[in-house]
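S.K.: Handing over entry-v5.txt, compact mmCIF, C-alpha atoms and all ligand atoms.
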```txt
# COMPACT_ATOMS: atom_id res chain seq x y z
CA MET A 1 0.00 0.00 0.00
CA ASP A 2 2.91 2.39 0.59
CA ASP A 3 3.29 2.98 -3.13
CA LEU A 4 -0.45 3.32 -3.84
CA HIS A 5 -1.17 5.83 -6.61
CA ALA A 6 -4.58 7.54 -6.58
CA LEU A 7 -6.14 9.14 -9.65
CA ILE A 8 -8.35 12.04 -8.59
CA ILE A 9 -10.88 13.27 -11.15
CA GLY A 10 -11.83 16.92 -10.55
CA ALA A 11 -9.85 19.69 -8.84
CA GLY A 12 -12.66 21.37 -6.90
CA ILE A 13 -12.50 21.81 -3.14
CA GLY A 14 -13.27 18.09 -2.67
CA GLY A 15 -10.67 16.77 -5.12
CA LEU A 16 -7.89 19.04 -3.88
CA THR A 17 -8.62 18.24 -0.22
CA ALA A 18 -8.51 14.51 -1.00
CA ALA A 19 -5.27 14.97 -2.95
CA LEU A 20 -3.62 16.94 -0.16
CA ALA A 21 -4.76 14.53 2.55
CA LEU A 22 -3.45 11.54 0.57
CA GLN A 23 -0.12 13.27 -0.06
CA ARG A 24 0.09 14.12 3.63
CA ALA A 25 -0.38 10.42 4.42
CA GLY A 26 2.51 9.59 2.07
CA PHE A 27 0.66 8.50 -1.09
CA LYS A 28 1.12 9.57 -4.71
CA VAL A 29 -1.78 11.40 -6.33
CA SER A 30 -2.49 12.64 -9.83
CA VAL A 31 -5.35 15.11 -10.17
CA TYR A 32 -7.16 15.55 -13.51
CA GLU A 33 -9.27 18.67 -14.05
CA GLN A 34 -11.33 19.43 -17.17
CA VAL A 35 -10.81 23.21 -17.26
CA ALA A 36 -7.68 24.81 -18.66
CA GLU A 37 -6.97 26.97 -15.63
CA LEU A 38 -7.63 26.08 -12.00
CA GLY A 39 -10.02 28.36 -10.13
CA GLU A 40 -13.29 28.81 -8.24
CA VAL A 41 -16.35 30.98 -8.64
CA GLY A 42 -16.39 34.49 -7.15
CA ALA A 43 -18.37 33.65 -4.04
CA GLY A 44 -17.91 32.74 -0.41
CA VAL A 45 -18.26 29.49 1.47
CA THR A 46 -19.01 28.87 5.14
CA ILE A 47 -16.60 26.46 6.79
CA THR A 48 -18.14 24.93 9.89
CA PRO A 49 -16.02 23.39 12.70
CA ASN A 50 -16.46 19.83 11.39
CA ALA A 51 -14.66 20.81 8.16
CA CYS A 52 -12.33 23.36 9.74
CA HIS A 53 -10.61 20.56 11.71
CA ALA A 54 -9.47 19.08 8.38
CA LEU A 55 -8.32 22.42 6.94
CA ASP A 56 -6.39 23.27 10.12
CA TYR A 57 -4.62 19.92 9.87
CA LEU A 58 -3.90 20.10 6.13
CA LEU A 59 -3.11 23.79 5.67
CA GLY A 60 -2.09 24.83 9.20
CA GLU A 61 -4.17 26.98 11.54
CA ALA A 62 -2.18 30.14 10.76
CA LEU A 63 -2.96 29.93 7.03
CA VAL A 64 -6.62 29.07 7.66
CA GLU A 65 -6.95 32.05 10.00
CA SER A 66 -5.24 34.33 7.47
CA ILE A 67 -7.67 33.52 4.64
CA CYS A 68 -10.87 33.01 6.67
CA HIS A 69 -13.07 35.53 8.43
CA VAL A 70 -14.33 34.43 11.84
CA PRO A 71 -17.65 36.18 12.38
CA ALA A 72 -18.17 37.57 15.89
CA SER A 73 -21.89 36.91 15.67
CA GLY A 74 -24.71 36.16 13.28
CA ALA A 75 -28.44 36.76 13.08
CA ILE A 76 -31.61 35.71 11.33
CA LYS A 77 -33.58 38.82 10.56
CA HIS A 78 -37.09 39.61 9.45
CA PHE A 79 -36.95 40.21 5.71
CA GLU A 80 -39.00 43.39 5.73
CA THR A 81 -38.27 45.13 9.02
CA GLY A 82 -34.70 43.87 9.45
CA ALA A 83 -35.56 43.09 13.09
CA THR A 84 -33.42 40.35 14.67
CA LEU A 85 -35.46 37.16 15.15
CA ILE A 86 -32.64 34.84 16.28
CA ASP A 87 -29.08 35.79 17.18
CA THR A 88 -26.05 33.53 17.51
CA GLN A 89 -22.73 34.23 19.20
CA ARG A 90 -19.76 32.97 17.17
CA GLY A 91 -16.23 34.39 17.59
CA ASP A 92 -14.13 31.95 19.63
CA LEU A 93 -17.17 30.10 20.97
CA PRO A 94 -17.26 27.31 18.30
CA LYS A 95 -13.51 26.82 18.70
CA LYS A 96 -13.96 26.38 22.45
CA GLN A 97 -16.95 24.10 22.01
CA TYR A 98 -15.86 21.98 19.02
CA GLY A 99 -12.09 22.57 18.79
CA ALA A 100 -12.17 24.42 15.44
CA HIS A 101 -13.51 27.68 14.02
CA TYR A 102 -16.78 28.50 12.33
CA CYS A 103 -15.54 30.78 9.56
CA GLN A 104 -16.18 32.13 6.08
CA VAL A 105 -13.82 32.35 3.14
CA HIS A 106 -13.66 33.47 -0.48
CA ARG A 107 -13.81 30.25 -2.48
CA ALA A 108 -10.92 31.32 -4.69
CA ASP A 109 -8.69 31.85 -1.62
CA LEU A 110 -9.46 28.42 -0.18
CA HIS A 111 -9.11 26.76 -3.57
CA ALA A 112 -5.75 28.48 -4.22
CA ALA A 113 -4.43 27.51 -0.77
CA LEU A 114 -5.31 23.86 -1.41
CA ALA A 115 -3.92 23.85 -4.96
CA ASP A 116 -0.67 25.54 -3.88
CA ALA A 117 -0.17 23.00 -1.10
CA VAL A 118 -0.77 20.06 -3.46
CA ARG A 119 1.68 21.51 -6.02
CA ARG A 120 4.28 22.24 -3.35
CA ASN A 121 4.22 18.56 -2.43
CA ASP A 122 4.45 17.51 -6.07
CA PRO A 123 4.75 20.11 -8.87
CA ASP A 124 3.44 17.55 -11.41
CA ALA A 125 0.40 16.41 -9.40
CA VAL A 126 -2.26 18.53 -11.14
CA HIS A 127 -3.17 18.08 -14.82
CA VAL A 128 -5.54 20.64 -16.36
CA ASP A 129 -7.33 20.32 -19.71
CA SER A 130 -8.06 16.71 -18.76
CA CYS A 131 -11.74 15.92 -19.19
CA PHE A 132 -12.49 12.41 -17.89
CA THR A 133 -14.58 10.33 -20.30
CA GLY A 134 -14.24 6.71 -19.21
CA LEU A 135 -12.32 4.07 -17.31
CA HIS A 136 -11.27 0.46 -17.51
CA GLU A 137 -9.83 -1.90 -14.94
CA THR A 138 -7.43 -4.77 -15.14
CA GLY A 139 -6.68 -7.16 -12.27
CA SER A 140 -3.91 -4.91 -11.02
CA SER A 141 -4.76 -1.30 -11.96
CA ILE A 142 -7.37 1.20 -13.15
CA THR A 143 -7.03 3.49 -16.18
CA ALA A 144 -8.83 6.80 -16.70
CA GLU A 145 -9.47 8.02 -20.22
CA PHE A 146 -9.66 11.66 -21.22
CA ALA A 147 -11.30 13.56 -24.07
CA SER A 148 -7.85 14.44 -25.43
CA GLY A 149 -7.20 10.76 -26.12
CA ARG A 150 -4.67 10.55 -23.29
CA SER A 151 -5.03 8.12 -20.40
CA ALA A 152 -3.59 7.63 -16.91
CA THR A 153 -3.17 4.49 -14.85
CA GLY A 154 -3.17 4.11 -11.06
CA ASP A 155 -4.32 1.84 -8.24
CA VAL A 156 -7.60 3.58 -7.35
CA LEU A 157 -9.70 6.31 -8.95
CA VAL A 158 -11.72 8.88 -7.01
CA GLY A 159 -14.54 10.73 -8.81
CA CYS A 160 -14.53 14.26 -7.33
CA ASP A 161 -16.15 15.73 -10.43
CA GLY A 162 -19.17 17.40 -8.88
CA ILE A 163 -22.93 17.06 -9.28
CA ARG A 164 -22.71 16.25 -13.01
CA SER A 165 -20.08 13.58 -12.27
CA ALA A 166 -19.00 11.64 -15.34
CA VAL A 167 -17.38 9.08 -13.02
CA ARG A 168 -20.72 8.48 -11.29
CA GLN A 169 -22.36 8.05 -14.69
CA VAL A 170 -19.76 5.51 -15.81
CA LEU A 171 -20.04 3.58 -12.53
CA TRP A 172 -23.75 3.75 -11.79
CA GLY A 173 -25.59 4.85 -14.91
CA ALA A 174 -27.15 8.00 -16.20
CA ASP A 175 -29.72 9.27 -13.70
CA LYS A 176 -30.16 12.93 -14.53
CA PRO A 177 -29.84 15.81 -12.04
CA GLN A 178 -33.26 17.33 -11.33
CA PHE A 179 -34.11 20.99 -10.90
CA THR A 180 -35.12 21.48 -7.24
CA GLY A 181 -37.40 24.49 -7.73
CA TYR A 182 -34.88 26.91 -6.21
CA ILE A 183 -32.59 29.40 -7.85
CA ALA A 184 -29.73 31.33 -6.26
CA TRP A 185 -27.94 34.56 -7.06
CA ARG A 186 -24.43 34.95 -5.69
CA GLY A 187 -22.00 37.81 -5.75
CA LEU A 188 -19.43 39.88 -3.91
CA VAL A 189 -19.92 43.47 -2.79
CA PRO A 190 -17.22 45.77 -1.34
CA THR A 191 -18.18 46.66 2.25
CA ALA A 192 -16.34 49.99 2.04
CA GLY A 193 -19.19 51.96 0.50
CA LEU A 194 -21.96 50.59 2.75
CA ASP A 195 -23.59 52.32 5.72
CA PRO A 196 -21.62 51.14 8.83
CA ALA A 197 -24.96 50.14 10.39
CA TYR A 198 -25.17 47.40 7.71
CA LEU A 199 -21.84 45.86 8.73
CA VAL A 200 -23.15 44.32 11.97
CA PRO A 201 -23.59 41.56 12.80
CA ASP A 202 -20.86 39.96 10.67
CA SER A 203 -23.34 37.60 9.06
CA ALA A 204 -27.09 37.74 8.60
CA ALA A 205 -29.85 35.80 6.88
CA PHE A 206 -33.07 37.63 6.00
CA ALA A 207 -36.02 35.25 6.15
CA GLY A 208 -38.82 36.14 3.76
CA ARG A 209 -41.83 34.41 2.26
CA GLY A 210 -40.50 32.08 -0.45
CA ARG A 211 -37.25 34.03 -0.60
CA THR A 212 -34.16 34.38 1.59
CA PHE A 213 -31.11 36.60 1.45
CA THR A 214 -27.86 35.90 3.29
CA ARG A 215 -24.72 37.96 3.56
CA TYR A 216 -21.40 37.41 5.28
CA LYS A 217 -17.90 38.83 5.24
CA VAL A 218 -14.86 37.43 3.45
CA ARG A 219 -11.34 38.79 2.76
CA GLN A 220 -10.78 40.38 6.19
CA GLY A 221 -14.22 41.91 6.05
CA THR A 222 -13.54 43.95 2.89
CA LEU A 223 -16.17 42.07 0.87
CA TYR A 224 -19.66 40.87 1.54
CA ASN A 225 -20.55 37.57 -0.06
CA PHE A 226 -24.26 37.41 -0.64
CA ALA A 227 -26.54 34.57 -1.69
CA ALA A 228 -30.17 35.25 -2.51
CA PHE A 229 -32.64 32.39 -3.00
CA ALA A 230 -36.06 32.29 -4.65
CA ARG A 231 -38.47 29.69 -6.02
CA ARG A 232 -39.05 28.99 -9.69
CA VAL A 233 -41.14 26.41 -11.48
CA GLN A 234 -38.35 25.61 -13.90
CA TRP A 235 -34.82 26.52 -14.87
CA GLU A 236 -34.82 27.42 -18.54
CA ALA A 237 -31.19 28.21 -19.20
CA GLU A 238 -29.04 25.63 -20.95
CA SER A 239 -26.24 26.01 -18.47
CA TRP A 240 -26.43 25.69 -14.67
CA SER A 241 -25.30 29.20 -14.02
CA GLU A 242 -25.49 32.39 -16.00
CA ARG A 243 -24.61 36.04 -15.59
CA ALA A 244 -27.47 37.67 -13.71
CA ASP A 245 -29.51 40.72 -14.57
CA ILE A 246 -29.17 42.92 -11.44
CA ALA A 247 -32.49 44.64 -12.21
CA GLU A 248 -34.27 41.26 -11.95
CA LEU A 249 -32.55 40.60 -8.62
CA ILE A 250 -33.47 44.02 -7.22
CA GLU A 251 -37.06 43.55 -8.36
CA GLU A 252 -37.26 40.07 -6.78
CA PHE A 253 -36.15 41.46 -3.39
CA HIS A 254 -37.85 44.87 -3.66
CA ASP A 255 -39.79 44.36 -0.39
CA PHE A 256 -36.72 43.37 1.66
CA ALA A 257 -35.15 45.63 4.32
CA PRO A 258 -33.17 48.76 3.28
CA GLU A 259 -29.93 46.96 4.14
CA VAL A 260 -30.64 44.28 1.52
CA GLN A 261 -31.57 46.93 -1.05
CA ALA A 262 -28.32 48.79 -0.35
CA ILE A 263 -26.21 45.66 -0.80
CA LEU A 264 -27.99 44.73 -4.04
CA ARG A 265 -27.56 48.23 -5.45
CA ALA A 266 -23.80 47.97 -4.74
CA VAL A 267 -23.31 44.68 -6.65
CA PRO A 268 -20.78 45.17 -9.47
CA PRO A 269 -22.69 43.82 -12.52
CA GLU A 270 -19.84 41.56 -13.60
CA GLN A 271 -19.80 40.00 -10.12
CA CYS A 272 -23.34 38.65 -10.06
CA PHE A 273 -24.34 35.18 -11.22
CA LYS A 274 -27.53 33.16 -11.09
CA TRP A 275 -27.66 29.40 -10.48
CA GLY A 276 -30.34 26.79 -10.92
CA LEU A 277 -30.11 24.44 -7.92
CA PHE A 278 -30.18 20.79 -8.96
CA ASP A 279 -29.90 17.52 -7.12
CA ARG A 280 -29.82 13.79 -7.76
CA PRO A 281 -31.32 10.89 -5.84
CA PRO A 282 -28.97 9.20 -3.34
CA VAL A 283 -26.83 6.56 -5.02
CA GLU A 284 -26.89 3.20 -3.21
CA ARG A 285 -23.17 2.53 -3.49
CA TRP A 286 -20.22 4.79 -4.22
CA THR A 287 -17.54 2.19 -4.89
CA LYS A 288 -17.29 -0.20 -7.82
CA GLY A 289 -14.04 -2.10 -8.19
CA ARG A 290 -11.15 0.34 -7.84
CA ALA A 291 -13.26 3.47 -8.31
CA THR A 292 -15.30 5.50 -5.82
CA LEU A 293 -17.04 8.87 -5.45
CA LEU A 294 -16.35 11.90 -3.24
CA GLY A 295 -18.03 15.26 -2.58
CA ASP A 296 -20.94 16.39 -4.74
CA ALA A 297 -20.33 13.42 -7.06
CA GLY A 298 -21.53 11.11 -4.25
CA HIS A 299 -23.89 13.40 -2.33
CA PRO A 300 -24.88 16.48 -4.34
CA MET A 301 -26.80 18.71 -1.97
CA THR A 302 -28.76 21.91 -1.95
CA PRO A 303 -27.07 24.70 0.02
CA PHE A 304 -29.77 24.95 2.72
CA LEU A 305 -27.53 23.61 5.48
CA ALA A 306 -24.32 25.13 4.00
CA GLN A 307 -22.62 21.75 4.21
CA GLY A 308 -21.77 20.63 0.63
CA ALA A 309 -18.15 21.78 0.69
CA ALA A 310 -17.84 20.75 4.34
CA MET A 311 -18.90 17.20 3.44
CA ALA A 312 -16.44 17.10 0.52
CA ILE A 313 -13.64 18.23 2.86
CA GLU A 314 -14.58 15.61 5.48
CA ASP A 315 -14.67 12.94 2.70
CA GLY A 316 -11.15 13.85 1.57
CA LEU A 317 -9.62 13.49 5.00
CA ILE A 318 -11.44 10.25 5.78
CA LEU A 319 -10.39 8.78 2.43
CA ALA A 320 -6.73 9.36 3.32
CA ARG A 321 -7.21 7.87 6.79
CA ALA A 322 -8.95 4.81 5.29
CA VAL A 323 -6.12 4.27 2.80
CA SER A 324 -3.54 4.62 5.59
CA ALA A 325 -5.35 2.14 7.84
CA ALA A 326 -6.03 -0.54 5.20
CA ALA A 327 -4.05 -3.58 4.15
CA ASP A 328 -5.07 -3.24 0.47
CA TRP A 329 -6.99 -0.95 -1.90
CA ARG A 330 -10.21 -2.95 -1.57
CA GLU A 331 -10.26 -2.60 2.21
CA ALA A 332 -9.36 1.09 1.88
CA LEU A 333 -12.33 1.91 -0.38
CA THR A 334 -14.67 -0.21 1.76
CA ARG A 335 -13.57 1.56 4.95
CA TYR A 336 -13.94 4.96 3.24
CA GLU A 337 -17.43 4.30 1.91
CA ASN A 338 -18.60 2.73 5.20
CA ALA A 339 -17.36 5.75 7.14
CA ARG A 340 -18.85 8.35 4.80
CA ARG A 341 -21.89 7.28 2.77
CA GLU A 342 -24.42 7.36 5.59
CA ARG A 343 -23.37 10.80 6.83
CA GLY A 344 -23.12 12.29 3.32
CA THR A 345 -26.55 10.96 2.37
CA PHE A 346 -28.10 12.08 5.68
CA VAL A 347 -26.86 15.65 5.24
CA MET A 348 -27.97 15.69 1.62
CA LEU A 349 -31.51 14.60 2.56
CA GLU A 350 -31.64 16.96 5.56
CA SER A 351 -30.71 19.86 3.28
CA HIS A 352 -33.92 19.17 1.32
CA VAL A 353 -35.95 18.95 4.52
CA ASN A 354 -34.47 22.23 5.66
CA ALA A 355 -35.36 23.91 2.36
CA LYS A 356 -39.00 22.88 2.85
CA ARG A 357 -38.87 24.11 6.45
CA ILE A 358 -37.34 27.45 5.47
CA TYR A 359 -39.71 28.14 2.59
CA SER A 360 -42.92 27.06 4.28
CA ARG A 361 -42.50 29.04 7.50
CA ASP A 362 -43.98 32.41 8.28
CA PRO A 363 -41.20 34.91 9.05
CA ASP A 364 -43.57 36.73 11.43
CA SER A 365 -43.54 33.77 13.81
CA LEU A 366 -39.99 32.52 13.27
CA ASP A 367 -38.08 31.70 16.45
CA ARG A 368 -35.51 29.16 17.70
CA SER A 369 -38.11 26.40 17.95
CA SER A 370 -39.00 26.62 14.24
CA HIS A 371 -35.41 27.00 13.06
CA LYS A 372 -33.13 24.02 12.41
CA SER A 373 -29.45 24.64 11.67
CA ALA A 374 -26.61 22.26 10.84
CA GLU A 375 -25.42 22.85 14.40
CA ALA A 376 -28.81 21.83 15.84
CA LEU A 377 -28.53 18.60 13.82
CA GLY A 378 -25.26 17.89 15.65
CA LEU A 379 -23.15 18.13 12.47
CA TYR A 380 -20.46 20.40 13.97
CA ALA A 381 -19.51 17.81 16.61
CA TYR A 382 -17.99 15.49 13.97
CA ASN A 383 -14.20 15.55 13.82
CA PRO A 384 -12.80 13.83 10.69
CA LEU A 385 -9.38 13.59 12.36
CA THR A 386 -10.66 11.35 15.14
CA VAL A 387 -13.89 9.56 14.12
CA PRO A 388 -13.45 5.79 13.70
CA VAL A 389 -12.60 4.77 10.13
C1 LIG B 1 -25.46 28.94 -3.77
C2 LIG B 1 -24.59 27.91 -3.11
C3 LIG B 1 -24.05 28.19 -1.85
C4 LIG B 1 -23.28 27.21 -1.18
N1 LIG B 1 -22.76 27.50 0.06
C5 LIG B 1 -22.06 26.55 0.74
C6 LIG B 1 -21.52 26.82 2.04
O1 LIG B 1 -21.65 27.93 2.58
N2 LIG B 1 -20.85 25.82 2.69
C7 LIG B 1 -20.66 24.59 2.12
O2 LIG B 1 -20.05 23.70 2.77
N3 LIG B 1 -21.13 24.31 0.88
C8 LIG B 1 -21.82 25.25 0.17
N4 LIG B 1 -22.28 24.99 -1.09
C9 LIG B 1 -22.02 23.66 -1.68
C10 LIG B 1 -20.61 23.55 -2.26
O3 LIG B 1 -20.36 24.60 -3.15
C11 LIG B 1 -20.42 22.24 -3.02
O4 LIG B 1 -20.99 21.17 -2.29
C12 LIG B 1 -18.90 21.96 -3.21
O5 LIG B 1 -18.33 22.97 -4.01
C13 LIG B 1 -18.69 20.59 -3.85
O6 LIG B 1 -17.30 20.44 -4.10
P1 LIG B 1 -16.81 19.28 -5.07
O7 LIG B 1 -15.32 19.41 -5.09
O8 LIG B 1 -17.41 17.98 -4.67
O9 LIG B 1 -17.43 19.62 -6.49
P2 LIG B 1 -17.19 20.87 -7.45
O10 LIG B 1 -16.89 22.09 -6.67
O11 LIG B 1 -18.35 20.90 -8.38
O12 LIG B 1 -15.86 20.49 -8.24
C14 LIG B 1 -15.88 19.52 -9.26
C15 LIG B 1 -14.64 19.73 -10.14
O13 LIG B 1 -14.59 18.67 -11.09
C16 LIG B 1 -14.35 19.20 -12.37
N5 LIG B 1 -14.92 18.26 -13.36
C17 LIG B 1 -16.23 18.05 -13.64
N6 LIG B 1 -16.37 17.12 -14.59
C18 LIG B 1 -15.12 16.71 -14.91
C19 LIG B 1 -14.59 15.75 -15.83
N7 LIG B 1 -15.39 15.02 -16.63
N8 LIG B 1 -13.23 15.57 -15.90
C20 LIG B 1 -12.39 16.29 -15.10
N9 LIG B 1 -12.84 17.24 -14.22
C21 LIG B 1 -14.18 17.43 -14.13
C22 LIG B 1 -15.04 20.55 -12.35
O14 LIG B 1 -14.53 21.43 -13.36
C23 LIG B 1 -14.72 21.03 -10.93
O15 LIG B 1 -13.45 21.68 -10.87
C24 LIG B 1 -23.03 25.95 -1.79
C25 LIG B 1 -23.55 25.69 -3.08
C26 LIG B 1 -24.31 26.66 -3.74
C27 LIG B 1 -24.86 26.35 -5.11
```
In structure tokens, how does this file's structure come out?
M.R.:
Amino acid sequence: MDDLHALIIGAGIGGLTAALALQRAGFKVSVYEQVAELGEVGAGVTITPNACHALDYLLGEALVESICHVPASGAIKHFETGATLIDTQRGDLPKKQYGAHYCQVHRADLHAALADAVRRNDPDAVHVDSCFTGLHETGSSITAEFASGRSATGDVLVGCDGIRSAVRQVLWGADKPQFTGYIAWRGLVPTAGLDPAYLVPDSAAFAGRGRTFTRYKVRQGTLYNFAAFARRVQWEAESWSERADIAELIEEFHDFAPEVQAILRAVPPEQCFKWGLFDRPPVERWTKGRATLLGDAGHPMTPFLAQGAAMAIEDGLILARAVSAAADWREALTRYENARRERGTFVMLESHVNAKRIYSRDPDSLDRSSHKSAEALGLYAYNPLTVPV
């Protein structure tokens, strides 16, 4: 097992975390990414303590603290009046309670930190312009095929290629992602020009009828990341995301509090995108032969518990621990799937339940008893460094 070579398909947050964790455990990895230049969308991501444990271990606490913003507090507010309905202390509290921060980061900063660390370990580890199209196994290896006609051979293959995973399709057939009935706008707004009253608390979610708006700080508080959600009967665009028309966004949230209006008016037009939110039914198994799934490829989830990236990060660390603990590749993939599939599927299904809860409730009567967070589900108490594998 010491000379195991893992082929990782997809260099998103999940693929790069898996690659780094495997390198850290002493294994060789080759990462294959379809795009020509590595990168992430211009948006933020919340990293909850369960995932932060893994990032602290892989990147070092100092680097994580330098790229992440730790919010002092957060609130759920009434969409129209802006009145605080539920407030939550953050700051050092999650670190004291769970051993790692609750923080928020620009996706590009996290992605770059992971990619740099992988390349520092092995300058030849990441291959761009490598669109996976198929695989074949022999008794002693697995080979990935790419659209370019090239191929690569290793001992195991990990499909980290997101919700539209080609690896999942090759392994388990072509079930199609379904539109969930929700769309999201995301963007980044400089905080400098905003009324200082709108800069507290550090993060806020405005609960409306059929619509929600969240904002939190990234890049040392110089930018607000916002995500605005609404319902739609269908998603008509060909692609999954498209440049958004700010006027449509402002119109959709016209009855929200002045703070929301001010943030939306400050959105640089080139910084605003609109997504259709899709999902897929849970897949019964992740692993077939020498290939398995990780991140959104195995458990694509709606963002209503803010746990998709967190689950991909947890997966990556557990995969490396499973490989380290196993006597052979078969045991490694079995241990990995056994440790992860139930939790990934649970969080994926709970994200749907939470969406229904969020969009059916009346903001006028919202309080702690009608609100369910990832923390209330106990998800933050998981530590991928120490759970049994
Ligand atoms: C609006 C919104 C807000 C969200 N907020 C949060 C949050 O706050 N916290 C959180 O934890 N999660 C959040 N998520 C979820 C999170 O973004 C995803 O779960 C996470 O990015 C999944 O990472 P991944 O690496 O599995 O997949 P992806 O990020 O999709 O990466 C897949 C990679 O594989 C590559 N690829 C695809 N096909 C191929 C192929 N055939 N060959 C080679 N490469 C390929 C892609 O180019 C991409 O680089 C949010 C999602 C949305 C939509």
S.K.: Which residues of chain A have any atom within 7 Å of an atom in ligand LIG 1 (chain B) when counting all atoms listed in the file, and what is the closest pair of atoms for each, with the distance in Å to one decimal? Order the rows by chain and rising number and write it as a tab-separated table.
M.R.:
```
residue	atom	partner	partner_atom	distance
A:Ile9	CA	B:LIG1	C20	5.2
A:Gly10	CA	B:LIG1	O13	3.3
A:Ala11	CA	B:LIG1	O15	4.6
A:Gly12	CA	B:LIG1	O12	3.6
A:Ile13	CA	B:LIG1	O7	4.2
A:Gly14	CA	B:LIG1	O7	3.4
A:Gly15	CA	B:LIG1	O7	5.3
A:Tyr32	CA	B:LIG1	C20	5.5
A:Glu33	CA	B:LIG1	N9	3.8
A:Gln34	CA	B:LIG1	C20	3.9
A:Val35	CA	B:LIG1	O14	5.7
A:Gly44	CA	B:LIG1	O1	6.8
A:Val45	CA	B:LIG1	O1	3.9
A:Thr46	CA	B:LIG1	O1	3.8
A:Ile47	CA	B:LIG1	N2	5.9
A:Ser130	CA	B:LIG1	C20	5.7
A:Cys131	CA	B:LIG1	N8	3.6
A:Phe132	CA	B:LIG1	N8	3.8
A:Thr133	CA	B:LIG1	N7	6.0
A:Cys160	CA	B:LIG1	O8	5.4
A:Asp161	CA	B:LIG1	O13	3.4
A:Gly162	CA	B:LIG1	O11	3.6
A:Ile163	CA	B:LIG1	O11	6.0
A:Arg164	CA	B:LIG1	N6	6.6
A:Ser165	CA	B:LIG1	N6	5.6
A:Ala166	CA	B:LIG1	N7	5.1
A:Ala184	CA	B:LIG1	C1	5.5
A:Trp185	CA	B:LIG1	C1	7.0
A:Arg186	CA	B:LIG1	C1	6.4
A:Ala227	CA	B:LIG1	C1	6.1
A:Trp275	CA	B:LIG1	C27	6.8
A:Leu277	CA	B:LIG1	C27	6.3
A:Leu294	CA	B:LIG1	O8	6.3
A:Gly295	CA	B:LIG1	O8	3.5
A:Asp296	CA	B:LIG1	O8	3.9
A:Ala297	CA	B:LIG1	O8	5.9
A:Pro300	CA	B:LIG1	O4	6.4
A:Met301	CA	B:LIG1	O4	6.3
A:Thr302	CA	B:LIG1	C25	6.5
A:Pro303	CA	B:LIG1	C24	4.6
A:Ala306	CA	B:LIG1	N2	3.8
A:Gln307	CA	B:LIG1	O2	3.5
A:Gly308	CA	B:LIG1	O4	3.1
A:Ala309	CA	B:LIG1	O2	3.4
A:Ala310	CA	B:LIG1	O2	4.0
A:Met311	CA	B:LIG1	O2	6.6
A:Ala312	CA	B:LIG1	O8	5.4
```
S.K.: Which residues, written as a list in words, have at least one atom at most 10 Å from Leu22 (chain A), with only C-alpha atoms counted and residues fewer than 3 positions away on the same chain left out?
M.R.: Leu4, His5, Ala6, Leu16, Thr17, Ala18, Ala19, Ala25, Gly26, Phe27, Lys28, Val29, Val118, Gly316, Leu317, Ile318, Leu319, Ala320, Arg321, Ala322, Val323 and Ser324 of chain A
S.K.: If I take CA of Ile246 (chain A) and CA of His69 (chain A), how far is one from the other in Å, to one decimal?
M.R.: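 So the answer is 26.6 Å.
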S.K.: Please compute the CA of Ala43 (chain A)-CA of Ala376 (chain A) distance, one decimal, in Å.
M.R.: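 One can read the CA of Ala43 (chain A) to CA of Ala376 (chain A) distance as 25.4 Å.
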S.K.: Separation of CA of Gln271 (chain A) and CA of Leu305 (chain A), in Å?
M.R.: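 The value is 23.9 Å.
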S.K.: Report as a tab-separated table: every residue of region 222-241 of chain A with an atom at most 10 Å from region 187-197 of chain A, its closest pair of atoms, and their distance in Å to one decimal, counting all atoms listed in the file, with rows sorted by chain and ascending residue number.
M.R.:
```
residue	atom	partner	partner_atom	distance
A:Thr222	CA	A:Thr191	CA	5.4
A:Leu223	CA	A:Pro190	CA	4.4
A:Tyr224	CA	A:Val189	CA	5.1
A:Asn225	CA	A:Leu188	CA	4.6
A:Phe226	CA	A:Gly187	CA	5.6
A:Ala227	CA	A:Gly187	CA	6.9
A:Ala228	CA	A:Gly187	CA	9.2
```
S.K.: Those residues with C-alpha atoms, as a CSV table (one decimal), in the coordinates of the input please?
M.R.:
```
chain,number,residue,atom,x,y,z
A,222,THR,CA,-13.5,44.0,2.9
A,223,LEU,CA,-16.2,42.1,0.9
A,224,TYR,CA,-19.7,40.9,1.5
A,225,ASN,CA,-20.6,37.6,-0.1
A,226,PHE,CA,-24.3,37.4,-0.6
A,227,ALA,CA,-26.5,34.6,-1.7
A,228,ALA,CA,-30.2,35.2,-2.5
```
S.K.: Between A:Asp56, A:Glu37, A:Asp3, A:Asp279, single out the one closest to Leu110 (chain A), counting only C-alpha atoms.
M.R.: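 Counting only C-alpha atoms, the residue closest to Leu110 (chain A) is A:Asp56.
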S.K.: Assuming 5 Å of padding per side, give the centre and edge lengths of the axis-aligned box around every listed atom of region 351-364 of chain A, in Å to one decimal and as AutoDock Vina command-line options.
M.R.:
```
--center_x -37.3 --center_y 27.8 --center_z 6.4 --size_x 23.3 --size_y 27.8 --size_z 20.1
```
